[in-house]
file input26.cif (mmCIF, C-alpha atoms)
data_query
#
loop_
_atom_site.label_atom_id
_atom_site.label_comp_id
_atom_site.auth_asym_id
_atom_site.auth_seq_id
_atom_site.Cartn_x
_atom_site.Cartn_y
_atom_site.Cartn_z
CA MET A 1 0.00 0.00 0.00
CA SER A 2 1.50 3.43 -1.06
CA GLU A 3 2.06 6.20 1.45
CA PRO A 4 -0.76 8.81 1.36
CA SER A 5 0.29 12.29 0.12
CA PHE A 6 -0.25 15.44 2.18
CA PRO A 7 -3.40 17.38 1.02
CA TRP A 8 -1.58 20.49 -0.25
CA SER A 9 -4.72 21.84 -1.86
CA GLY A 10 -6.43 21.93 1.47
CA PHE A 11 -3.40 23.63 3.04
CA VAL A 12 -3.40 26.35 0.32
CA LEU A 13 -7.13 26.91 0.89
CA ALA A 14 -6.53 27.31 4.64
CA PHE A 15 -3.65 29.74 4.08
CA VAL A 16 -5.74 31.89 1.70
CA ALA A 17 -8.64 31.93 4.18
CA CYS A 18 -6.31 33.12 6.96
CA ILE A 19 -4.93 35.96 4.72
CA ILE A 20 -8.53 37.09 4.08
CA LEU A 21 -9.24 37.04 7.82
CA ALA A 22 -6.11 39.14 8.47
CA THR A 23 -7.08 41.75 5.86
CA LEU A 24 -10.50 42.01 7.49
CA GLY A 25 -8.83 43.11 10.69
CA VAL A 26 -9.02 39.89 12.71
CA ASP A 27 -6.32 39.69 15.37
CA LEU A 28 -3.30 37.80 14.04
CA ILE A 29 -3.25 35.52 17.11
CA TYR A 30 -6.71 34.22 16.23
CA VAL A 31 -5.76 33.89 12.61
CA GLY A 32 -2.73 31.80 13.58
CA LEU A 33 -4.86 29.54 15.82
CA VAL A 34 -7.35 28.94 13.01
CA LEU A 35 -4.52 28.06 10.65
CA LEU A 36 -2.99 25.69 13.20
CA VAL A 37 -6.28 23.85 13.82
CA TRP A 38 -7.02 23.61 10.12
CA VAL A 39 -3.59 22.21 9.25
CA GLY A 40 -3.77 19.76 12.14
CA SER A 41 -7.15 18.50 10.92
CA LEU A 42 -5.77 17.99 7.44
CA TYR A 43 -2.84 16.03 8.87
CA LEU A 44 -5.10 13.72 10.90
CA VAL A 45 -7.34 13.03 7.93
CA ALA A 46 -4.36 12.16 5.75
CA ALA A 47 -2.61 10.05 8.38
CA ARG A 48 -2.38 6.30 7.68
CA PRO A 49 -4.28 4.10 10.19
CA PRO A 50 -2.20 1.59 12.15
CA GLU A 51 -2.01 -1.82 10.58
CA ALA A 52 -3.84 -4.62 12.39
CA LYS A 53 -1.52 -7.21 13.85
CA ALA A 54 -2.05 -10.71 12.58
CA ALA A 55 -3.39 -13.12 15.22
CA PRO A 56 -0.80 -15.68 16.29
CA ALA A 57 -1.38 -19.05 14.70
CA GLY A 58 -2.67 -21.73 17.13
CA PRO A 59 -1.45 -25.30 17.36
CA ALA A 60 -2.48 -27.59 14.54
CA PHE A 61 -5.49 -29.90 15.09
CA THR A 62 -3.73 -33.25 15.49
CA ARG A 63 -4.73 -36.78 16.44
CA ASP A 64 -3.37 -36.25 19.93
CA ASN A 65 -5.49 -33.22 20.73
CA MET A 66 -8.49 -34.90 19.06
CA ALA A 67 -8.03 -37.77 21.49
CA ASP A 68 -7.76 -35.33 24.42
CA LEU A 69 -10.90 -33.54 23.26
CA PHE A 70 -13.11 -36.68 23.45
CA GLU A 71 -11.30 -38.70 26.12
CA HIS A 72 -13.50 -37.85 29.11
CA SER A 73 -16.82 -37.45 27.31
CA GLU A 74 -19.57 -39.59 28.83
CA THR A 75 -20.73 -40.48 25.32
CA PRO A 76 -18.68 -43.23 23.66
CA VAL A 77 -16.88 -41.76 20.62
CA VAL A 78 -14.72 -43.56 18.05
CA ILE A 79 -12.70 -41.87 15.28
CA THR A 80 -11.82 -43.98 12.28
CA GLU A 81 -9.48 -43.55 9.32
CA ARG A 82 -10.66 -45.55 6.33
CA ASP A 83 -12.78 -47.71 8.68
CA ARG A 84 -9.88 -48.48 11.02
CA VAL A 85 -10.20 -47.23 14.61
CA ILE A 86 -7.48 -44.71 15.39
CA ILE A 87 -9.04 -43.09 18.49
CA ALA A 88 -11.50 -44.46 21.05
CA ASN A 89 -12.31 -42.45 24.16
CA LEU A 90 -12.59 -43.92 27.66
CA SER A 91 -16.35 -44.53 27.39
CA ALA A 92 -15.92 -46.31 24.04
CA ARG A 93 -13.12 -48.50 25.41
CA THR A 94 -15.30 -49.39 28.40
CA LEU A 95 -18.20 -50.26 26.10
CA LEU A 96 -16.35 -52.14 23.37
CA GLY A 97 -13.00 -53.02 24.95
CA SER A 98 -9.54 -51.45 24.66
CA HIS A 99 -8.61 -53.89 21.88
CA ILE A 100 -10.75 -52.01 19.32
CA VAL A 101 -8.01 -49.41 18.72
CA GLY A 102 -6.31 -50.44 15.48
CA GLN A 103 -9.11 -52.80 14.46
CA ASP A 104 -11.51 -52.50 11.56
CA VAL A 105 -14.54 -50.86 13.14
CA ARG A 106 -16.86 -53.34 11.44
CA MET A 107 -15.09 -56.22 13.18
CA ALA A 108 -15.23 -54.36 16.49
CA LEU A 109 -19.01 -53.82 16.33
CA ARG A 110 -20.16 -57.08 14.71
CA GLN A 111 -23.70 -55.71 14.31
CA PRO A 112 -25.49 -56.06 10.94
CA GLU A 113 -27.23 -52.68 11.24
CA ALA A 114 -23.96 -50.94 12.12
CA ILE A 115 -22.06 -52.69 9.34
CA ARG A 116 -24.66 -51.60 6.80
CA LEU A 117 -24.29 -48.00 8.03
CA LEU A 118 -20.50 -48.12 7.71
CA ALA A 119 -20.62 -49.84 4.33
CA ARG A 120 -22.49 -46.85 2.85
CA ASP A 121 -19.43 -44.69 3.55
CA SER A 122 -21.69 -41.71 4.22
CA GLU A 123 -23.24 -39.88 7.12
CA GLY A 124 -26.25 -41.30 8.91
CA GLY A 125 -27.46 -43.30 11.89
CA ALA A 126 -28.57 -46.78 12.87
CA VAL A 127 -30.16 -48.43 15.92
CA VAL A 128 -28.52 -51.60 17.21
CA ARG A 129 -29.47 -53.97 20.03
CA GLY A 130 -27.25 -56.06 22.24
CA LEU A 131 -24.09 -54.05 21.65
CA ASN A 132 -22.84 -54.66 25.18
CA ARG A 133 -25.65 -56.53 26.93
CA ARG A 134 -28.51 -58.45 25.37
CA THR A 135 -31.16 -55.88 26.36
CA ASP A 136 -29.15 -52.77 25.41
CA ILE A 137 -30.38 -50.39 22.73
CA TRP A 138 -27.89 -47.97 21.12
CA ARG A 139 -28.11 -45.41 18.35
CA ILE A 140 -24.93 -45.10 16.27
CA ASN A 141 -24.35 -41.79 14.47
CA ARG A 142 -21.61 -41.41 11.83
CA LYS A 143 -20.14 -38.08 10.69
CA THR A 144 -17.58 -38.05 7.86
CA LEU A 145 -14.55 -35.72 7.84
CA PRO A 146 -12.00 -34.84 5.15
CA GLY A 147 -9.07 -37.19 4.64
CA GLY A 148 -11.01 -40.43 5.05
CA LEU A 149 -11.78 -39.72 8.71
CA ALA A 150 -15.14 -40.34 10.40
CA VAL A 151 -16.51 -39.72 13.90
CA ILE A 152 -18.80 -42.45 15.24
CA GLU A 153 -20.92 -41.60 18.27
CA PHE A 154 -22.80 -44.15 20.42
CA VAL A 155 -25.95 -42.88 22.19
CA ASN A 156 -27.47 -45.18 24.83
CA LYS A 157 -31.24 -45.42 24.33
CA THR A 158 -31.79 -48.26 26.80
CA ALA A 159 -33.11 -46.13 29.68
CA GLU A 160 -35.42 -44.24 27.34
CA ALA A 161 -36.84 -47.50 26.00
CA ASP A 162 -37.20 -48.92 29.53
CA ILE A 163 -39.14 -45.84 30.66
CA SER A 164 -41.41 -46.02 27.64
CA ARG A 165 -42.02 -49.72 28.22
CA ALA A 166 -42.66 -49.12 31.93
CA HIS A 167 -45.22 -46.43 31.11
CA THR A 168 -46.95 -48.74 28.64
CA ASP A 169 -47.01 -51.60 31.15
CA PHE A 170 -48.27 -49.28 33.88
CA VAL A 171 -51.17 -48.02 31.77
CA ALA A 172 -52.06 -51.58 30.73
CA ASN A 173 -51.92 -52.89 34.31
CA ALA A 174 -53.80 -49.91 35.74
CA SER A 175 -56.50 -50.30 33.08
CA HIS A 176 -56.85 -53.98 33.92
CA GLU A 177 -57.00 -53.34 37.67
CA LEU A 178 -59.62 -50.62 37.23
CA ARG A 179 -61.65 -52.63 34.74
CA THR A 180 -62.06 -55.66 37.04
CA PRO A 181 -63.98 -54.00 39.92
CA LEU A 182 -65.91 -51.81 37.47
CA ALA A 183 -67.08 -54.90 35.56
CA SER A 184 -68.28 -56.50 38.82
CA ILE A 185 -70.10 -53.37 39.92
CA ILE A 186 -71.80 -52.88 36.54
CA GLY A 187 -72.77 -56.58 36.32
CA TYR A 188 -74.38 -56.72 39.76
CA VAL A 189 -76.16 -53.38 39.28
CA GLU A 190 -77.64 -54.60 35.97
CA THR A 191 -78.81 -57.80 37.68
CA LEU A 192 -80.46 -55.86 40.48
CA ARG A 193 -82.25 -53.55 38.05
CA GLU A 194 -83.51 -56.41 35.88
CA ASP A 195 -84.78 -58.61 38.72
CA VAL A 196 -85.53 -55.98 41.32
CA GLU A 197 -89.09 -57.31 41.97
CA SER A 198 -88.36 -61.04 42.01
CA LEU A 199 -84.97 -60.97 43.71
CA GLU A 200 -84.93 -62.36 47.27
CA PRO A 201 -83.84 -59.89 49.97
CA ASN A 202 -80.92 -62.07 51.07
CA MET A 203 -79.66 -62.37 47.50
CA ALA A 204 -80.10 -58.63 46.92
CA ASP A 205 -78.16 -57.92 50.12
CA LYS A 206 -75.39 -60.23 48.92
CA PHE A 207 -75.22 -58.40 45.60
CA LEU A 208 -75.13 -55.04 47.34
CA GLY A 209 -72.32 -56.28 49.59
CA THR A 210 -70.30 -57.29 46.54
CA ILE A 211 -70.93 -53.90 44.93
CA GLN A 212 -69.79 -52.15 48.10
CA ARG A 213 -66.66 -54.31 48.35
CA GLU A 214 -65.70 -53.73 44.72
CA ALA A 215 -66.41 -50.01 45.00
CA LYS A 216 -64.18 -49.84 48.08
CA ARG A 217 -61.46 -51.70 46.18
CA LEU A 218 -61.83 -49.24 43.31
CA GLN A 219 -61.59 -46.33 45.75
CA ASP A 220 -58.44 -47.78 47.33
CA LEU A 221 -56.89 -48.32 43.93
CA VAL A 222 -57.54 -44.75 42.79
CA SER A 223 -56.25 -43.45 46.14
CA ASP A 224 -53.03 -45.48 45.83
CA LEU A 225 -52.52 -44.35 42.23
CA MET A 226 -52.85 -40.71 43.28
CA SER A 227 -50.48 -41.24 46.22
CA LEU A 228 -47.89 -42.87 43.98
CA SER A 229 -48.18 -40.01 41.49
CA ARG A 230 -47.66 -37.38 44.21
CA ILE A 231 -44.70 -39.22 45.71
CA GLU A 232 -43.00 -39.60 42.32
CA ALA A 233 -43.55 -35.90 41.60
CA GLU A 234 -41.77 -35.00 44.87
CA LYS A 235 -39.05 -37.65 44.80
CA HIS A 236 -36.26 -35.10 44.22
CA ASP A 237 -37.42 -32.76 47.00
CA LEU A 238 -35.88 -33.53 50.39
CA PRO A 239 -38.49 -33.10 53.16
CA SER A 240 -37.91 -30.14 55.46
CA ASP A 241 -39.73 -31.16 58.68
CA THR A 242 -38.03 -32.92 61.58
CA LEU A 243 -40.22 -35.65 63.10
CA ASP A 244 -39.99 -38.18 65.91
CA LEU A 245 -40.17 -41.47 64.01
CA SER A 246 -40.89 -43.45 67.19
CA LYS A 247 -44.14 -41.62 68.00
CA LEU A 248 -45.15 -41.45 64.35
CA ALA A 249 -44.56 -45.17 63.73
CA GLU A 250 -46.41 -46.23 66.90
CA ARG A 251 -49.45 -44.14 65.99
CA ALA A 252 -49.50 -45.27 62.33
CA ALA A 253 -49.05 -48.95 63.29
CA SER A 254 -51.94 -48.72 65.76
CA ASP A 255 -54.13 -47.14 63.07
CA ALA A 256 -53.31 -49.96 60.63
CA ALA A 257 -53.98 -52.63 63.29
CA ASN A 258 -57.31 -51.23 64.46
CA GLY A 259 -60.13 -53.62 65.34
CA GLU A 260 -59.51 -57.33 65.80
CA ARG A 261 -55.84 -57.13 64.80
CA SER A 262 -54.80 -54.61 67.46
CA GLY A 263 -54.13 -57.37 70.01
CA LEU A 264 -51.59 -58.99 67.66
CA LEU A 265 -49.50 -55.85 67.17
CA ASP A 266 -46.15 -56.12 68.98
CA PHE A 267 -44.53 -52.66 68.83
CA GLU A 268 -41.18 -51.82 70.39
CA SER A 269 -38.98 -48.73 70.15
CA THR A 270 -35.72 -48.15 71.98
CA GLY A 271 -35.91 -44.36 72.01
CA ALA A 272 -36.80 -41.20 70.14
CA PHE A 273 -35.49 -41.07 66.59
CA PRO A 274 -35.60 -37.63 64.92
CA VAL A 275 -35.70 -37.88 61.13
CA ARG A 276 -36.23 -35.34 58.38
CA GLY A 277 -39.41 -36.43 56.71
CA ASP A 278 -42.87 -35.90 55.29
CA ARG A 279 -45.34 -36.84 58.03
CA GLN A 280 -48.09 -38.04 55.70
CA GLN A 281 -45.74 -40.19 53.62
CA LEU A 282 -43.96 -41.77 56.59
CA GLU A 283 -47.30 -42.62 58.19
CA GLN A 284 -48.39 -44.18 54.89
CA LEU A 285 -45.14 -46.17 54.77
CA VAL A 286 -45.73 -47.66 58.23
CA ARG A 287 -49.44 -48.34 57.58
CA ASN A 288 -48.67 -50.12 54.31
CA LEU A 289 -46.04 -52.35 55.91
CA VAL A 290 -48.20 -53.20 58.93
CA ASP A 291 -51.26 -53.80 56.74
CA ASN A 292 -49.24 -56.12 54.46
CA GLY A 293 -47.88 -57.95 57.50
CA PHE A 294 -51.38 -58.67 58.80
CA LYS A 295 -52.75 -59.59 55.36
CA TYR A 296 -50.07 -62.13 54.51
CA GLY A 297 -48.94 -63.21 57.98
CA ALA A 298 -50.50 -65.94 60.09
CA SER A 299 -53.84 -64.78 61.48
CA ASP A 300 -53.05 -66.03 65.01
CA GLN A 301 -49.43 -64.87 65.23
CA PRO A 302 -48.19 -61.44 66.41
CA LEU A 303 -46.76 -58.90 64.00
CA ALA A 304 -43.48 -57.47 65.32
CA VAL A 305 -42.69 -53.81 64.61
CA ARG A 306 -39.28 -52.71 65.88
CA LEU A 307 -37.38 -49.40 65.89
CA HIS A 308 -33.68 -49.62 66.72
CA PRO A 309 -30.62 -47.48 65.98
CA GLN A 310 -28.24 -48.64 63.26
CA GLY A 311 -24.89 -47.12 64.03
CA GLU A 312 -24.82 -43.49 65.10
CA ASN A 313 -26.48 -41.87 62.10
CA ARG A 314 -29.34 -44.16 61.09
CA VAL A 315 -32.50 -45.77 62.43
CA ARG A 316 -33.83 -49.19 61.42
CA LEU A 317 -37.55 -49.98 61.20
CA THR A 318 -38.43 -53.67 60.82
CA VAL A 319 -41.84 -55.29 60.33
CA THR A 320 -41.78 -59.08 60.77
CA ASP A 321 -44.68 -61.48 60.22
CA ARG A 322 -44.98 -65.23 60.81
CA GLY A 323 -46.73 -66.13 57.58
CA GLU A 324 -46.08 -68.54 54.74
CA GLY A 325 -43.11 -66.56 53.42
CA ILE A 326 -42.25 -65.60 49.87
CA ALA A 327 -40.22 -67.61 47.35
CA ALA A 328 -36.81 -66.13 46.57
CA GLU A 329 -37.59 -65.59 42.87
CA HIS A 330 -40.42 -63.19 43.74
CA ILE A 331 -38.51 -60.92 46.15
CA PRO A 332 -36.69 -58.73 43.54
CA HIS A 333 -40.06 -57.93 41.92
CA LEU A 334 -42.15 -57.15 45.01
CA THR A 335 -41.79 -53.36 44.68
CA ARG A 336 -42.98 -53.34 41.07
CA ARG A 337 -46.38 -51.80 40.50
CA PHE A 338 -49.23 -54.36 40.53
CA TYR A 339 -46.84 -57.28 41.09
CA ARG A 340 -48.45 -60.07 43.11
CA THR A 341 -47.05 -63.43 44.15
CA ASP A 342 -50.61 -64.75 44.48
CA PRO A 343 -53.05 -62.51 42.55
CA GLY A 344 -56.17 -64.30 43.79
CA ARG A 345 -55.22 -64.08 47.44
CA SER A 346 -54.07 -60.47 47.11
CA ARG A 347 -57.32 -59.33 45.53
CA ALA A 348 -59.40 -61.29 48.03
CA SER A 349 -57.63 -59.53 50.89
CA GLY A 350 -58.27 -56.13 49.30
CA GLY A 351 -54.74 -55.46 48.08
CA THR A 352 -54.16 -53.06 45.19
CA GLY A 353 -50.69 -54.29 44.26
CA LEU A 354 -49.23 -50.83 44.86
CA GLY A 355 -48.42 -50.93 48.58
CA LEU A 356 -44.73 -51.85 48.34
CA ALA A 357 -44.23 -49.67 45.26
CA ILE A 358 -45.41 -46.71 47.34
CA VAL A 359 -43.13 -47.77 50.21
CA LYS A 360 -40.12 -47.95 47.86
CA HIS A 361 -40.70 -44.45 46.48
CA ILE A 362 -41.21 -42.98 49.96
CA VAL A 363 -37.96 -44.57 51.15
CA GLU A 364 -36.10 -43.22 48.11
CA ARG A 365 -37.42 -39.71 48.69
CA HIS A 366 -36.23 -39.87 52.32
CA ARG A 367 -32.74 -41.05 51.19
CA GLY A 368 -33.20 -44.41 52.89
CA ARG A 369 -32.85 -48.10 52.03
CA LEU A 370 -35.47 -50.85 51.73
CA ASP A 371 -34.69 -54.56 52.20
CA ILE A 372 -37.04 -57.56 52.10
CA ASP A 373 -36.04 -60.95 53.52
CA SER A 374 -38.30 -63.99 53.53
CA THR A 375 -38.11 -67.71 54.26
CA LEU A 376 -40.80 -70.09 53.09
CA GLY A 377 -42.73 -71.49 56.04
CA GLU A 378 -41.27 -68.99 58.49
CA GLY A 379 -42.34 -65.50 57.44
CA THR A 380 -41.18 -62.20 55.99
CA ARG A 381 -39.19 -59.27 57.37
CA VAL A 382 -39.22 -55.84 55.75
CA THR A 383 -36.48 -53.43 56.85
CA VAL A 384 -36.39 -49.69 56.26
CA VAL A 385 -33.23 -47.75 57.17
CA LEU A 386 -33.46 -43.94 57.35
CA PRO A 387 -30.86 -41.27 58.17
CA LEU A 388 -31.19 -39.61 61.57
CA GLU A 389 -31.53 -35.83 61.85
CA LYS A 390 -29.26 -34.14 64.40
CA ASP A 391 -31.90 -31.53 65.21
CA ASP A 392 -33.53 -32.35 68.54
CA THR A 393 -36.69 -30.34 67.85
CA ALA A 394 -38.61 -33.32 66.46
CA GLU A 395 -42.36 -32.93 66.47
#

call {"tool": "encode", "arguments": {"input": "input26.cif", "output": "structure tokens"}}
result
Amino acid sequence: MSEPSFPWSGFVLAFVACIILATLGVDLIYVGLVLLVWVGSLYLVAARPPEAKAAPAGPAFTRDNMADLFEHSETPVVITERDRVIIANLSARTLLGSHIVGQDVRMALRQPEAIRLLARDSEGGAVVRGLNRRTDIWRINRKTLPGGLAVIEFVNKTAEADISRAHTDFVANASHELRTPLASIIGYVETLREDVESLEPNMADKFLGTIQREAKRLQDLVSDLMSLSRIEAEKHDLPSDTLDLSKLAERAASDAANGERSGLLDFESTGAFPVRGDRQQLEQLVRNLVDNGFKYGASDQPLAVRLHPQGENRVRLTVTDRGEGIAAEHIPHLTRRFYRTDPGRSRASGGTGLGLAIVKHIVERHRGRLDIDSTLGEGTRVTVVLPLEKDDTAE
């Protein structure tokens, strides 16, 4: 770029203007100041702006810093060069094994859907099953880069599929559980209306008793569904109240054992146990456990409810019955919604199949632990361990 020339024409014009001002009688000091300002302005306009400094060149994008970029990503990422794995981050090595580096990516995956995606040598995605475990579902996305490179990303869709399947199963099970008492109620009501004049009083009373029982079962089911929904909505919110678990558990256990069963309740607590909790939910937890113990325990045997410390920072609540017990294969599934080891007996006793599911979610919200132990022919023990609150102002 050539150096800019000084604007002499502007300077001449300024000089002539100053001569005219002097001849008009303007003080020479002011004339000189005007000339100085004018010339200075011309100089600034003609001055060359400073050149912008070039930004320093950064380090080249190499394989090493590509590996560093993806190494600690939670998403498994593989970079290939002409279908051979040159980089695999930590998550990818955990998923597929460290041996995949240097291998042909098609040999490393061994999945027909993935191989078809890679064979197209273009960008796209594919869903594969059983990549690591038989029930896994993964989406593989491929992005091509210049120089024969490609970035392959593995997105785990297993949890998403499990949630969708759980929602579907829940709706199906809830519909079935609601439909059964409704069908009984509608059937008996139709019978009563059709034969209202000829139906014997005893038979009519029997029908009405069945309608009442099924309506009560329907009410309990709707109530438990609403409770479960509220508990799940609050599961990430730690309760703020400090409560005395000993007094709360004794009162809730007595409520659940009211009537003929109250004489079989064997409650024991070794002290006051302040916990941070939701009063309504903890009372529901105790009532559900005590009610289950009486339903499935021996009718002539006591139900033991115990509160003891576990170490210095936790309290252990146990509910032990002397019933028939539960087979080992059923125990991992007992907290699933609507799961029953004996559907006929559970429905006959008025169970909704949601009691232990509610207990599990309450325990999780209170940052506790739930354990179920059972021996066939001896009985079942349910243990809930909750953290103690150091505040002594328990209600």

call {"tool": "resolve_selection", "arguments": {"input": "input26.cif", "expression": "the PyMOL selection byres ((chain A and resi 326) around 8)", "output": "ChimeraX atom specification"}}
result
/A:324-325,327-328,330-331,341,374-376,379-380

call {"tool": "resolve_selection", "arguments": {"input": "input26.cif", "expression": "the PyMOL selection byres ((chain A and resi 182-189) around 8)", "output": "ChimeraX atom specification"}}
result
/A:178-181,190-193,207-208,210-211,214-215,218

call {"tool": "atom_distance", "arguments": {"input": "input26.cif", "atom1": "atom CA of Ile20 of chain A", "atom2": "atom CA of Gly40 of chain A"}}
result
19.7 Å

call {"tool": "resolve_selection", "arguments": {"input": "input26.cif", "expression": "the PyMOL selection byres ((chain A and resi 277) around 6)", "output": "MDAnalysis selection string"}}
result
chainID A and resid 239 241 275:276 278

call {"tool": "closest_residue", "arguments": {"input": "input26.cif", "among": "A:Ile79, A:Met107, A:Leu118, A:Ala92", "to": "Val155 of chain A", "atoms": "all atoms listed in the file"}}
result
A:Ala92

call {"tool": "atom_distance", "arguments": {"input": "input26.cif", "atom1": "atom CA of Arg120 of chain A", "atom2": "atom CA of Lys143 of chain A"}}
result
12.0 Å

call {"tool": "residues_near_point", "arguments": {"input": "input26.cif", "point": "(-35.9, -41.6, 43.0)", "cutoff": "10 Å", "atoms": "all atoms listed in the file", "output": "list in words"}}
result
Ile231, Glu232, Ala233, Glu234, Lys235, His236, Asp237, Lys360, His361, Ile362, Val363, Glu364, Arg365, His366 and Arg367 of chain A

call {"tool": "axis_aligned_box", "arguments": {"input": "input26.cif", "around": "segment 212-217 of chain A", "padding_each_side": "8 Å", "output": "AutoDock Vina command-line options"}}
result
--center_x -65.6 --center_y -52.1 --center_z 46.5 --size_x 24.3 --size_y 20.5 --size_z 19.6

call {"tool": "residues_around", "arguments": {"input": "input26.cif", "residues": "Ala174 of chain A", "least_positions_apart": "3", "cutoff": "12 Å", "atoms": "only C-alpha atoms", "output": "list in words"}}
result
Ala166, His167, Thr168, Asp169, Phe170, Val171, Glu177, Leu178, Arg179, Thr180, Pro181, Leu218, Leu221, Val222, Asp224, Leu225, Met226, Arg337, Phe338, Tyr339, Thr352, Gly353 and Leu354 of chain A

call {"tool": "atom_distance", "arguments": {"input": "input26.cif", "atom1": "atom CA of Leu145 of chain A", "atom2": "atom CA of Gln103 of chain A"}}
result
19.1 Å

call {"tool": "residues_around", "arguments": {"input": "input26.cif", "residues": "segment 294-297 of chain A", "least_positions_apart": "4", "cutoff": "8 Å", "atoms": "only C-alpha atoms", "output": "number ranges by chain"}}
result
A: 257, 261, 290, 301, 303, 321-324, 349, 379

call {"tool": "residues_around", "arguments": {"input": "input26.cif", "residues": "Pro387 of chain A", "least_positions_apart": "6", "cutoff": "7 Å", "atoms": "all atoms listed in the file", "output": "number ranges by chain"}}
result
A: 275, 313-315, 368

call {"tool": "closest_residue", "arguments": {"input": "input26.cif", "among": "A:Ala304, A:Ala67, A:Ala161, A:Val359", "to": "Ser262 of chain A", "atoms": "only C-alpha atoms"}}
result
A:Ala304

call {"tool": "build_atoms", "arguments": {"input": "input26.cif", "residues": "segment 234-246 of chain A", "atoms": "N, CA, C and O atoms", "output": "tab-separated table (two decimals), in the frame of the given file"}}
result
chain	number	residue	atom	x	y	z
A	234	GLU	N	-42.57	-35.66	43.84
A	234	GLU	CA	-41.77	-35.00	44.87
A	234	GLU	C	-40.48	-35.73	45.19
A	234	GLU	O	-39.79	-35.38	46.15
A	235	LYS	N	-40.14	-36.76	44.40
A	235	LYS	CA	-39.05	-37.65	44.80
A	235	LYS	C	-37.70	-36.95	44.87
A	235	LYS	O	-36.79	-37.42	45.56
A	236	HIS	N	-37.53	-35.81	44.18
A	236	HIS	CA	-36.26	-35.10	44.22
A	236	HIS	C	-36.23	-34.00	45.28
A	236	HIS	O	-35.21	-33.33	45.44
A	237	ASP	N	-37.34	-33.80	45.98
A	237	ASP	CA	-37.42	-32.76	47.00
A	237	ASP	C	-37.23	-33.37	48.39
A	237	ASP	O	-38.06	-34.17	48.85
A	238	LEU	N	-36.14	-33.02	49.05
A	238	LEU	CA	-35.88	-33.53	50.39
A	238	LEU	C	-36.84	-32.88	51.37
A	238	LEU	O	-36.97	-31.66	51.40
A	239	PRO	N	-37.56	-33.68	52.19
A	239	PRO	CA	-38.49	-33.10	53.16
A	239	PRO	C	-37.77	-32.16	54.12
A	239	PRO	O	-36.58	-32.31	54.41
A	240	SER	N	-38.52	-31.18	54.62
A	240	SER	CA	-37.91	-30.14	55.46
A	240	SER	C	-38.27	-30.27	56.94
A	240	SER	O	-37.61	-29.67	57.78
A	241	ASP	N	-39.30	-31.05	57.28
A	241	ASP	CA	-39.73	-31.16	58.68
A	241	ASP	C	-38.92	-32.21	59.42
A	241	ASP	O	-38.53	-33.24	58.85
A	242	THR	N	-38.69	-31.95	60.72
A	242	THR	CA	-38.03	-32.92	61.58
A	242	THR	C	-39.09	-33.57	62.47
A	242	THR	O	-39.81	-32.88	63.19
A	243	LEU	N	-39.17	-34.91	62.41
A	243	LEU	CA	-40.22	-35.65	63.10
A	243	LEU	C	-39.63	-36.70	64.02
A	243	LEU	O	-38.51	-37.20	63.77
A	244	ASP	N	-40.37	-37.07	65.04
A	244	ASP	CA	-39.99	-38.18	65.91
A	244	ASP	C	-40.56	-39.46	65.31
A	244	ASP	O	-41.77	-39.70	65.37
A	245	LEU	N	-39.71	-40.27	64.70
A	245	LEU	CA	-40.17	-41.47	64.01
A	245	LEU	C	-40.80	-42.47	64.97
A	245	LEU	O	-41.71	-43.20	64.60
A	246	SER	N	-40.35	-42.49	66.21
A	246	SER	CA	-40.89	-43.45	67.19
A	246	SER	C	-42.37	-43.19	67.44
A	246	SER	O	-43.21	-44.10	67.34
